[in-house]
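input_35.cif, holding mmCIF, N, CA and C atoms; chains and numbers go by the auth columns:
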data_protein
#
loop_
_atom_site.group_PDB
_atom_site.id
_atom_site.type_symbol
_atom_site.label_atom_id
_atom_site.label_comp_id
_atom_site.label_asym_id
_atom_site.label_seq_id
_atom_site.Cartn_x
_atom_site.Cartn_y
_atom_site.Cartn_z
_atom_site.B_iso_or_equiv
_atom_site.auth_seq_id
_atom_site.auth_asym_id
ATOM 1 N N MET A 1 -3.529 -7.017 -10.104 0.00 1 F
ATOM 2 C CA MET A 1 -2.773 -5.826 -9.793 0.00 1 F
ATOM 3 C C MET A 1 -1.288 -6.174 -9.840 0.00 1 F
ATOM 4 N N THR A 2 -0.501 -5.233 -10.315 0.00 2 F
ATOM 5 C CA THR A 2 0.947 -5.410 -10.384 0.00 2 F
ATOM 6 C C THR A 2 1.621 -4.569 -9.296 0.00 2 F
ATOM 7 N N THR A 3 2.911 -4.794 -9.119 0.00 3 F
ATOM 8 C CA THR A 3 3.665 -3.991 -8.159 0.00 3 F
ATOM 9 C C THR A 3 3.666 -2.525 -8.579 0.00 3 F
ATOM 10 N N ALA A 4 3.728 -2.268 -9.876 0.00 4 F
ATOM 11 C CA ALA A 4 3.675 -0.887 -10.366 0.00 4 F
ATOM 12 C C ALA A 4 2.340 -0.237 -9.994 0.00 4 F
ATOM 13 N N ASP A 5 1.240 -0.995 -10.102 0.00 5 F
ATOM 14 C CA ASP A 5 -0.071 -0.481 -9.696 0.00 5 F
ATOM 15 C C ASP A 5 -0.088 -0.168 -8.201 0.00 5 F
ATOM 16 N N LEU A 6 0.493 -1.065 -7.411 0.00 6 F
ATOM 17 C CA LEU A 6 0.550 -0.864 -5.970 0.00 6 F
ATOM 18 C C LEU A 6 1.308 0.413 -5.636 0.00 6 F
ATOM 19 N N LYS A 7 2.447 0.613 -6.274 0.00 7 F
ATOM 20 C CA LYS A 7 3.243 1.821 -6.032 0.00 7 F
ATOM 21 C C LYS A 7 2.460 3.079 -6.404 0.00 7 F
ATOM 22 N N LYS A 8 1.724 3.010 -7.512 0.00 8 F
ATOM 23 C CA LYS A 8 0.935 4.166 -7.941 0.00 8 F
ATOM 24 C C LYS A 8 -0.178 4.460 -6.934 0.00 8 F
ATOM 25 N N ILE A 9 -0.833 3.431 -6.427 0.00 9 F
ATOM 26 C CA ILE A 9 -1.899 3.617 -5.440 0.00 9 F
ATOM 27 C C ILE A 9 -1.328 4.217 -4.161 0.00 9 F
ATOM 28 N N VAL A 10 -0.176 3.724 -3.720 0.00 10 F
ATOM 29 C CA VAL A 10 0.464 4.273 -2.520 0.00 10 F
ATOM 30 C C VAL A 10 0.814 5.738 -2.744 0.00 10 F
ATOM 31 N N ALA A 11 1.398 6.053 -3.879 0.00 11 F
ATOM 32 C CA ALA A 11 1.771 7.436 -4.179 0.00 11 F
ATOM 33 C C ALA A 11 0.552 8.351 -4.197 0.00 11 F
ATOM 34 N N THR A 12 -0.503 7.908 -4.842 0.00 12 F
ATOM 35 C CA THR A 12 -1.724 8.708 -4.912 0.00 12 F
ATOM 36 C C THR A 12 -2.330 8.898 -3.527 0.00 12 F
ATOM 37 N N ALA A 13 -2.398 7.828 -2.743 0.00 13 F
ATOM 38 C CA ALA A 13 -2.977 7.904 -1.400 0.00 13 F
ATOM 39 C C ALA A 13 -2.187 8.853 -0.504 0.00 13 F
ATOM 40 N N LEU A 14 -0.867 8.881 -0.698 0.00 14 F
ATOM 41 C CA LEU A 14 -0.015 9.742 0.123 0.00 14 F
ATOM 42 C C LEU A 14 0.198 11.124 -0.492 0.00 14 F
ATOM 43 N N ASP A 15 -0.319 11.321 -1.697 0.00 15 F
ATOM 44 C CA ASP A 15 -0.167 12.569 -2.419 0.00 15 F
ATOM 45 C C ASP A 15 1.311 12.929 -2.607 0.00 15 F
ATOM 46 N N VAL A 16 2.073 11.933 -3.087 0.00 16 F
ATOM 47 C CA VAL A 16 3.488 12.140 -3.389 0.00 16 F
ATOM 48 C C VAL A 16 3.749 11.734 -4.837 0.00 16 F
ATOM 49 N N ASP A 17 4.859 12.189 -5.359 0.00 17 F
ATOM 50 C CA ASP A 17 5.267 11.815 -6.708 0.00 17 F
ATOM 51 C C ASP A 17 5.547 10.306 -6.722 0.00 17 F
ATOM 52 N N PRO A 18 5.028 9.587 -7.705 0.00 18 F
ATOM 53 C CA PRO A 18 5.262 8.145 -7.769 0.00 18 F
ATOM 54 C C PRO A 18 6.740 7.765 -7.756 0.00 18 F
ATOM 55 N N ARG A 19 7.599 8.653 -8.238 0.00 19 F
ATOM 56 C CA ARG A 19 9.043 8.376 -8.236 0.00 19 F
ATOM 57 C C ARG A 19 9.618 8.340 -6.824 0.00 19 F
ATOM 58 N N GLU A 20 8.874 8.893 -5.841 0.00 20 F
ATOM 59 C CA GLU A 20 9.321 8.867 -4.443 0.00 20 F
ATOM 60 C C GLU A 20 9.052 7.518 -3.775 0.00 20 F
ATOM 61 N N VAL A 21 8.216 6.697 -4.395 0.00 21 F
ATOM 62 C CA VAL A 21 7.846 5.412 -3.803 0.00 21 F
ATOM 63 C C VAL A 21 8.803 4.343 -4.322 0.00 21 F
ATOM 64 N N ALA A 22 9.855 4.121 -3.558 0.00 22 F
ATOM 65 C CA ALA A 22 10.864 3.122 -3.920 0.00 22 F
ATOM 66 C C ALA A 22 10.338 1.725 -3.621 0.00 22 F
ATOM 67 N N ASP A 23 11.048 0.735 -4.112 0.00 23 F
ATOM 68 C CA ASP A 23 10.652 -0.658 -3.883 0.00 23 F
ATOM 69 C C ASP A 23 10.610 -1.018 -2.402 0.00 23 F
ATOM 70 N N ASP A 24 11.391 -0.306 -1.592 0.00 24 F
ATOM 71 C CA ASP A 24 11.428 -0.571 -0.158 0.00 24 F
ATOM 72 C C ASP A 24 10.771 0.541 0.659 0.00 24 F
ATOM 73 N N ALA A 25 9.879 1.307 0.024 0.00 25 F
ATOM 74 C CA ALA A 25 9.218 2.426 0.697 0.00 25 F
ATOM 75 C C ALA A 25 8.530 1.964 1.984 0.00 25 F
ATOM 76 N N SER A 26 8.572 2.842 2.985 0.00 26 F
ATOM 77 C CA SER A 26 7.968 2.502 4.270 0.00 26 F
ATOM 78 C C SER A 26 7.694 3.774 5.062 0.00 26 F
ATOM 79 N N THR A 27 7.193 3.576 6.255 0.00 27 F
ATOM 80 C CA THR A 27 6.976 4.718 7.146 0.00 27 F
ATOM 81 C C THR A 27 8.305 5.363 7.521 0.00 27 F
ATOM 82 N N GLU A 28 9.380 4.614 7.388 0.00 28 F
ATOM 83 C CA GLU A 28 10.712 5.135 7.708 0.00 28 F
ATOM 84 C C GLU A 28 11.290 5.987 6.576 0.00 28 F
ATOM 85 N N THR A 29 10.847 5.749 5.347 0.00 29 F
ATOM 86 C CA THR A 29 11.458 6.431 4.199 0.00 29 F
ATOM 87 C C THR A 29 10.576 7.504 3.573 0.00 29 F
ATOM 88 N N LEU A 30 9.284 7.471 3.857 0.00 30 F
ATOM 89 C CA LEU A 30 8.355 8.462 3.299 0.00 30 F
ATOM 90 C C LEU A 30 7.675 9.220 4.431 0.00 30 F
ATOM 91 N N GLU A 31 7.965 10.497 4.523 0.00 31 F
ATOM 92 C CA GLU A 31 7.388 11.316 5.589 0.00 31 F
ATOM 93 C C GLU A 31 5.861 11.305 5.564 0.00 31 F
ATOM 94 N N ALA A 32 5.284 11.264 4.376 0.00 32 F
ATOM 95 C CA ALA A 32 3.823 11.285 4.249 0.00 32 F
ATOM 96 C C ALA A 32 3.165 9.994 4.731 0.00 32 F
ATOM 97 N N TRP A 33 3.955 8.926 4.880 0.00 33 F
ATOM 98 C CA TRP A 33 3.398 7.641 5.305 0.00 33 F
ATOM 99 C C TRP A 33 3.381 7.589 6.836 0.00 33 F
ATOM 100 N N ASP A 34 2.461 8.360 7.387 0.00 34 F
ATOM 101 C CA ASP A 34 2.246 8.346 8.824 0.00 34 F
ATOM 102 C C ASP A 34 0.972 7.551 9.091 0.00 34 F
ATOM 103 N N SER A 35 0.417 7.647 10.284 0.00 35 F
ATOM 104 C CA SER A 35 -0.759 6.831 10.599 0.00 35 F
ATOM 105 C C SER A 35 -1.954 7.177 9.711 0.00 35 F
ATOM 106 N N LEU A 36 -2.160 8.459 9.454 0.00 36 F
ATOM 107 C CA LEU A 36 -3.266 8.839 8.561 0.00 36 F
ATOM 108 C C LEU A 36 -2.973 8.435 7.121 0.00 36 F
ATOM 109 N N GLY A 37 -1.727 8.551 6.732 0.00 37 F
ATOM 110 C CA GLY A 37 -1.340 8.114 5.395 0.00 37 F
ATOM 111 C C GLY A 37 -1.564 6.619 5.214 0.00 37 F
ATOM 112 N N HIS A 38 -1.295 5.860 6.251 0.00 38 F
ATOM 113 C CA HIS A 38 -1.496 4.412 6.167 0.00 38 F
ATOM 114 C C HIS A 38 -2.978 4.081 5.997 0.00 38 F
ATOM 115 N N ILE A 39 -3.813 4.793 6.727 0.00 39 F
ATOM 116 C CA ILE A 39 -5.265 4.594 6.563 0.00 39 F
ATOM 117 C C ILE A 39 -5.675 4.913 5.131 0.00 39 F
ATOM 118 N N ALA A 40 -5.134 5.994 4.584 0.00 40 F
ATOM 119 C CA ALA A 40 -5.447 6.377 3.202 0.00 40 F
ATOM 120 C C ALA A 40 -5.008 5.291 2.222 0.00 40 F
ATOM 121 N N ILE A 41 -3.852 4.677 2.473 0.00 41 F
ATOM 122 C CA ILE A 41 -3.363 3.600 1.612 0.00 41 F
ATOM 123 C C ILE A 41 -4.302 2.403 1.678 0.00 41 F
ATOM 124 N N VAL A 42 -4.682 1.993 2.883 0.00 42 F
ATOM 125 C CA VAL A 42 -5.562 0.830 3.039 0.00 42 F
ATOM 126 C C VAL A 42 -6.907 1.086 2.366 0.00 42 F
ATOM 127 N N VAL A 43 -7.451 2.275 2.548 0.00 43 F
ATOM 128 C CA VAL A 43 -8.738 2.618 1.922 0.00 43 F
ATOM 129 C C VAL A 43 -8.608 2.599 0.402 0.00 43 F
ATOM 130 N N ALA A 44 -7.535 3.185 -0.118 0.00 44 F
ATOM 131 C CA ALA A 44 -7.336 3.221 -1.572 0.00 44 F
ATOM 132 C C ALA A 44 -7.172 1.805 -2.140 0.00 44 F
ATOM 133 N N LEU A 45 -6.413 0.967 -1.442 0.00 45 F
ATOM 134 C CA LEU A 45 -6.258 -0.410 -1.904 0.00 45 F
ATOM 135 C C LEU A 45 -7.582 -1.161 -1.840 0.00 45 F
ATOM 136 N N ASP A 46 -8.334 -0.934 -0.781 0.00 46 F
ATOM 137 C CA ASP A 46 -9.620 -1.599 -0.634 0.00 46 F
ATOM 138 C C ASP A 46 -10.568 -1.198 -1.763 0.00 46 F
ATOM 139 N N GLU A 47 -10.552 0.080 -2.120 0.00 47 F
ATOM 140 C CA GLU A 47 -11.391 0.547 -3.231 0.00 47 F
ATOM 141 C C GLU A 47 -10.925 -0.055 -4.554 0.00 47 F
ATOM 142 N N ALA A 48 -9.615 -0.091 -4.761 0.00 48 F
ATOM 143 C CA ALA A 48 -9.070 -0.610 -6.022 0.00 48 F
ATOM 144 C C ALA A 48 -9.310 -2.104 -6.177 0.00 48 F
ATOM 145 N N LEU A 49 -9.415 -2.811 -5.061 0.00 49 F
ATOM 146 C CA LEU A 49 -9.555 -4.266 -5.108 0.00 49 F
ATOM 147 C C LEU A 49 -10.924 -4.716 -4.608 0.00 49 F
ATOM 148 N N ASP A 50 -11.918 -3.905 -4.855 0.00 50 F
ATOM 149 C CA ASP A 50 -13.323 -4.263 -4.608 0.00 50 F
ATOM 150 C C ASP A 50 -13.610 -4.741 -3.187 0.00 50 F
ATOM 151 N N GLY A 51 -13.045 -4.060 -2.201 0.00 51 F
ATOM 152 C CA GLY A 51 -13.360 -4.359 -0.817 0.00 51 F
ATOM 153 C C GLY A 51 -12.703 -5.599 -0.254 0.00 51 F
ATOM 154 N N ARG A 52 -11.652 -6.081 -0.914 0.00 52 F
ATOM 155 C CA ARG A 52 -11.013 -7.325 -0.466 0.00 52 F
ATOM 156 C C ARG A 52 -9.759 -7.097 0.371 0.00 52 F
ATOM 157 N N VAL A 53 -9.483 -5.852 0.760 0.00 53 F
ATOM 158 C CA VAL A 53 -8.228 -5.557 1.441 0.00 53 F
ATOM 159 C C VAL A 53 -8.403 -5.293 2.935 0.00 53 F
ATOM 160 N N ALA A 54 -9.390 -4.530 3.317 0.00 54 F
ATOM 161 C CA ALA A 54 -9.536 -4.105 4.715 0.00 54 F
ATOM 162 C C ALA A 54 -9.593 -5.278 5.687 0.00 54 F
ATOM 163 N N GLY A 55 -10.101 -6.405 5.263 0.00 55 F
ATOM 164 C CA GLY A 55 -10.223 -7.558 6.135 0.00 55 F
ATOM 165 C C GLY A 55 -9.010 -8.473 6.186 0.00 55 F
ATOM 166 N N ILE A 56 -7.959 -8.141 5.432 0.00 56 F
ATOM 167 C CA ILE A 56 -6.762 -8.987 5.427 0.00 56 F
ATOM 168 C C ILE A 56 -6.046 -8.851 6.767 0.00 56 F
ATOM 169 N N ASP A 57 -5.819 -9.983 7.404 0.00 57 F
ATOM 170 C CA ASP A 57 -5.121 -9.992 8.684 0.00 57 F
ATOM 171 C C ASP A 57 -3.715 -9.423 8.518 0.00 57 F
ATOM 172 N N GLY A 58 -3.393 -8.411 9.289 0.00 58 F
ATOM 173 C CA GLY A 58 -2.074 -7.800 9.240 0.00 58 F
ATOM 174 C C GLY A 58 -1.972 -6.557 8.392 0.00 58 F
ATOM 175 N N ILE A 59 -2.999 -6.244 7.618 0.00 59 F
ATOM 176 C CA ILE A 59 -2.923 -5.096 6.702 0.00 59 F
ATOM 177 C C ILE A 59 -2.749 -3.778 7.452 0.00 59 F
ATOM 178 N N ARG A 60 -3.312 -3.697 8.626 0.00 60 F
ATOM 179 C CA ARG A 60 -3.216 -2.449 9.387 0.00 60 F
ATOM 180 C C ARG A 60 -1.832 -2.213 9.971 0.00 60 F
ATOM 181 N N LYS A 61 -0.999 -3.237 9.956 0.00 61 F
ATOM 182 C CA LYS A 61 0.363 -3.097 10.487 0.00 61 F
ATOM 183 C C LYS A 61 1.423 -3.315 9.414 0.00 61 F
ATOM 184 N N ALA A 62 1.016 -3.319 8.168 0.00 62 F
ATOM 185 C CA ALA A 62 1.954 -3.499 7.055 0.00 62 F
ATOM 186 C C ALA A 62 2.467 -2.120 6.648 0.00 62 F
ATOM 187 N N TYR A 63 3.525 -1.672 7.324 0.00 63 F
ATOM 188 C CA TYR A 63 4.018 -0.308 7.169 0.00 63 F
ATOM 189 C C TYR A 63 5.135 -0.160 6.142 0.00 63 F
ATOM 190 N N SER A 64 5.162 -1.046 5.147 0.00 64 F
ATOM 191 C CA SER A 64 6.149 -0.909 4.075 0.00 64 F
ATOM 192 C C SER A 64 5.558 -1.490 2.795 0.00 64 F
ATOM 193 N N LEU A 65 6.114 -1.073 1.684 0.00 65 F
ATOM 194 C CA LEU A 65 5.666 -1.595 0.403 0.00 65 F
ATOM 195 C C LEU A 65 5.895 -3.109 0.313 0.00 65 F
ATOM 196 N N PRO A 66 7.063 -3.622 0.729 0.00 66 F
ATOM 197 C CA PRO A 66 7.244 -5.076 0.690 0.00 66 F
ATOM 198 C C PRO A 66 6.231 -5.817 1.570 0.00 66 F
ATOM 199 N N ALA A 67 5.903 -5.263 2.729 0.00 67 F
ATOM 200 C CA ALA A 67 4.928 -5.923 3.614 0.00 67 F
ATOM 201 C C ALA A 67 3.543 -5.927 2.974 0.00 67 F
ATOM 202 N N LEU A 68 3.140 -4.799 2.393 0.00 68 F
ATOM 203 C CA LEU A 68 1.854 -4.744 1.700 0.00 68 F
ATOM 204 C C LEU A 68 1.824 -5.734 0.541 0.00 68 F
ATOM 205 N N ALA A 69 2.895 -5.728 -0.243 0.00 69 F
ATOM 206 C CA ALA A 69 2.964 -6.629 -1.398 0.00 69 F
ATOM 207 C C ALA A 69 2.871 -8.083 -0.958 0.00 69 F
ATOM 208 N N GLY A 70 3.557 -8.432 0.111 0.00 70 F
ATOM 209 C CA GLY A 70 3.515 -9.800 0.602 0.00 70 F
ATOM 210 C C GLY A 70 2.122 -10.229 1.024 0.00 70 F
ATOM 211 N N LEU A 71 1.431 -9.352 1.724 0.00 71 F
ATOM 212 C CA LEU A 71 0.062 -9.670 2.141 0.00 71 F
ATOM 213 C C LEU A 71 -0.866 -9.810 0.943 0.00 71 F
ATOM 214 N N LEU A 72 -0.727 -8.896 -0.019 0.00 72 F
ATOM 215 C CA LEU A 72 -1.571 -8.946 -1.215 0.00 72 F
ATOM 216 C C LEU A 72 -1.276 -10.193 -2.047 0.00 72 F
ATOM 217 N N ARG A 73 -0.012 -10.545 -2.154 0.00 73 F
ATOM 218 C CA ARG A 73 0.343 -11.787 -2.885 0.00 73 F
ATOM 219 C C ARG A 73 -0.249 -13.012 -2.185 0.00 73 F
ATOM 220 N N GLY A 74 -0.193 -12.992 -0.856 0.00 74 F
ATOM 221 C CA GLY A 74 -0.745 -14.108 -0.095 0.00 74 F
ATOM 222 C C GLY A 74 -2.230 -14.304 -0.318 0.00 74 F
ATOM 223 N N GLN A 75 -2.910 -13.218 -0.689 0.00 75 F
ATOM 224 C CA GLN A 75 -4.342 -13.283 -0.968 0.00 75 F
ATOM 225 C C GLN A 75 -4.611 -13.401 -2.474 0.00 75 F
ATOM 226 N N LYS A 76 -3.539 -13.556 -3.251 0.00 76 F
ATOM 227 C CA LYS A 76 -3.622 -13.653 -4.714 0.00 76 F
ATOM 228 C C LYS A 76 -4.236 -12.396 -5.339 0.00 76 F
ATOM 229 N N LEU A 77 -3.914 -11.236 -4.732 0.00 77 F
ATOM 230 C CA LEU A 77 -4.411 -9.956 -5.228 0.00 77 F
ATOM 231 C C LEU A 77 -3.319 -9.158 -5.942 0.00 77 F
ATOM 232 N N LEU A 78 -2.101 -9.689 -5.921 0.00 78 F
ATOM 233 C CA LEU A 78 -0.972 -9.020 -6.557 0.00 78 F
ATOM 234 C C LEU A 78 -0.197 -10.049 -7.355 0.00 78 F
ATOM 235 N N ASP A 79 0.129 -9.678 -8.597 0.00 79 F
ATOM 236 C CA ASP A 79 0.897 -10.580 -9.470 0.00 79 F
ATOM 237 C C ASP A 79 2.336 -10.651 -9.031 0.00 79 F
#
Can the structure in the file be given as structure tokens, please?
Amino acid sequence: MTTADLKKIVATALDVDPREVADDASTETLEAWDSLGHIAIVVALDEALDGRVAGIDGIRKAYSLPALAGLLRGQKLLD
């Protein structure tokens, strides 16, 4: 998975235009990224990565695109 793929998954999960998902997108910058939106993101990532995301330590508190990317890179799930 690439960062562009991650941004697209976040946008789709939040039902926002992909252009709204900046490199530093977070709960602070995207109104749709609330607690339910975060659950939708985790579920979408878990589906896209064959169930390898939900169990990542810290994923439930990764409230920004950089935080998600860092966790995914740490698991070798993001290029």
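Considering only C-alpha atoms, the residue among F:Pro18, F:Lys7, F:Ala32, F:Leu77 positioned nearest to F:Asp50 is F:Leu77.
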Residues returned when the PyMOL selection byres ((chain F and resi 61-73) around 6) runs on this file, as a list in words:
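When the PyMOL selection byres ((chain F and resi 61-73) around 6) is applied to the shown file, the picked residues are Asp23, Asp24, Ala25, Ser26, Thr27, Gly58, Ile59, Arg60, Gly74, Gln75, Lys76, Leu77 and Leu78 of chain F.
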Residues from last step as file, N, CA and C atoms, as a PDB file, in the coordinates of the input:
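Writing the result to result.pdb gives the following:
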ATOM      1  N   ASP F  23      11.048   0.735  -4.112  1.00  0.00           N
ATOM      2  CA  ASP F  23      10.652  -0.658  -3.883  1.00  0.00           C
ATOM      3  C   ASP F  23      10.610  -1.018  -2.402  1.00  0.00           C
ATOM      4  N   ASP F  24      11.391  -0.306  -1.592  1.00  0.00           N
ATOM      5  CA  ASP F  24      11.428  -0.571  -0.158  1.00  0.00           C
ATOM      6  C   ASP F  24      10.771   0.541   0.659  1.00  0.00           C
ATOM      7  N   ALA F  25       9.879   1.307   0.024  1.00  0.00           N
ATOM      8  CA  ALA F  25       9.218   2.426   0.697  1.00  0.00           C
ATOM      9  C   ALA F  25       8.530   1.964   1.984  1.00  0.00           C
ATOM     10  N   SER F  26       8.572   2.842   2.985  1.00  0.00           N
ATOM     11  CA  SER F  26       7.968   2.502   4.270  1.00  0.00           C
ATOM     12  C   SER F  26       7.694   3.774   5.062  1.00  0.00           C
ATOM     13  N   THR F  27       7.193   3.576   6.255  1.00  0.00           N
ATOM     14  CA  THR F  27       6.976   4.718   7.146  1.00  0.00           C
ATOM     15  C   THR F  27       8.305   5.363   7.521  1.00  0.00           C
ATOM     16  N   GLY F  58      -3.393  -8.411   9.289  1.00  0.00           N
ATOM     17  CA  GLY F  58      -2.074  -7.800   9.240  1.00  0.00           C
ATOM     18  C   GLY F  58      -1.972  -6.557   8.392  1.00  0.00           C
ATOM     19  N   ILE F  59      -2.999  -6.244   7.618  1.00  0.00           N
ATOM     20  CA  ILE F  59      -2.923  -5.096   6.702  1.00  0.00           C
ATOM     21  C   ILE F  59      -2.749  -3.778   7.452  1.00  0.00           C
ATOM     22  N   ARG F  60      -3.312  -3.697   8.626  1.00  0.00           N
ATOM     23  CA  ARG F  60      -3.216  -2.449   9.387  1.00  0.00           C
ATOM     24  C   ARG F  60      -1.832  -2.213   9.971  1.00  0.00           C
ATOM     25  N   GLY F  74      -0.193 -12.992  -0.856  1.00  0.00           N
ATOM     26  CA  GLY F  74      -0.745 -14.108  -0.095  1.00  0.00           C
ATOM     27  C   GLY F  74      -2.230 -14.304  -0.318  1.00  0.00           C
ATOM     28  N   GLN F  75      -2.910 -13.218  -0.689  1.00  0.00           N
ATOM     29  CA  GLN F  75      -4.342 -13.283  -0.968  1.00  0.00           C
ATOM     30  C   GLN F  75      -4.611 -13.401  -2.474  1.00  0.00           C
ATOM     31  N   LYS F  76      -3.539 -13.556  -3.251  1.00  0.00           N
ATOM     32  CA  LYS F  76      -3.622 -13.653  -4.714  1.00  0.00           C
ATOM     33  C   LYS F  76      -4.236 -12.396  -5.339  1.00  0.00           C
ATOM     34  N   LEU F  77      -3.914 -11.236  -4.732  1.00  0.00           N
ATOM     35  CA  LEU F  77      -4.411  -9.956  -5.228  1.00  0.00           C
ATOM     36  C   LEU F  77      -3.319  -9.158  -5.942  1.00  0.00           C
ATOM     37  N   LEU F  78      -2.101  -9.689  -5.921  1.00  0.00           N
ATOM     38  CA  LEU F  78      -0.972  -9.020  -6.557  1.00  0.00           C
ATOM     39  C   LEU F  78      -0.197 -10.049  -7.355  1.00  0.00           C
TER      40      LEU F  78
END
The PyMOL selection byres (((chain F and resi 34-41 and name CA) around 9) and name CA) on the file shown: which residues, as number ranges by chain?
F: 9-14, 27, 30-33, 42-46, 60-63
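The gap separating atom CA of F:Thr2 from atom C of F:Asp79 is 5.6 Å, in Å to one decimal.
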Name the residues of chain F that come out as alpha helix (DSSP H) in a backbone DSSP run; write them as JSON, numbers by chain.
{"F": [3, 4, 5, 6, 7, 8, 9, 10, 11, 12, 13, 14, 35, 36, 37, 38, 39, 40, 41, 42, 43, 44, 45, 46, 47, 48, 65, 66, 67, 68, 69, 70, 71, 72, 73, 74]}
Quote the spacing between atom C of F:Asp17 and atom N of F:Asp57 in Å to one decimal place.
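Atom-to-atom, atom C of F:Asp17 and atom N of F:Asp57 are spaced 27.2 Å apart.
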Quick one: pull the distance between atom N of F:Ala54 and atom CA of F:Arg19, Å, one decimal.
25.3 Å
Using the file's own x, y and z axes, what box holds all listed atoms of stretch 36-52 of chain F with 3 Å on each side, keeping edges along x, y and z, and what are its centre and edge lengths in Å to one decimal, as lines of an AutoDock Vina configuration file?
center_x = -7.5
center_y = 0.8
center_z = 1.6
size_x = 18.3
size_y = 22.2
size_z = 21.6
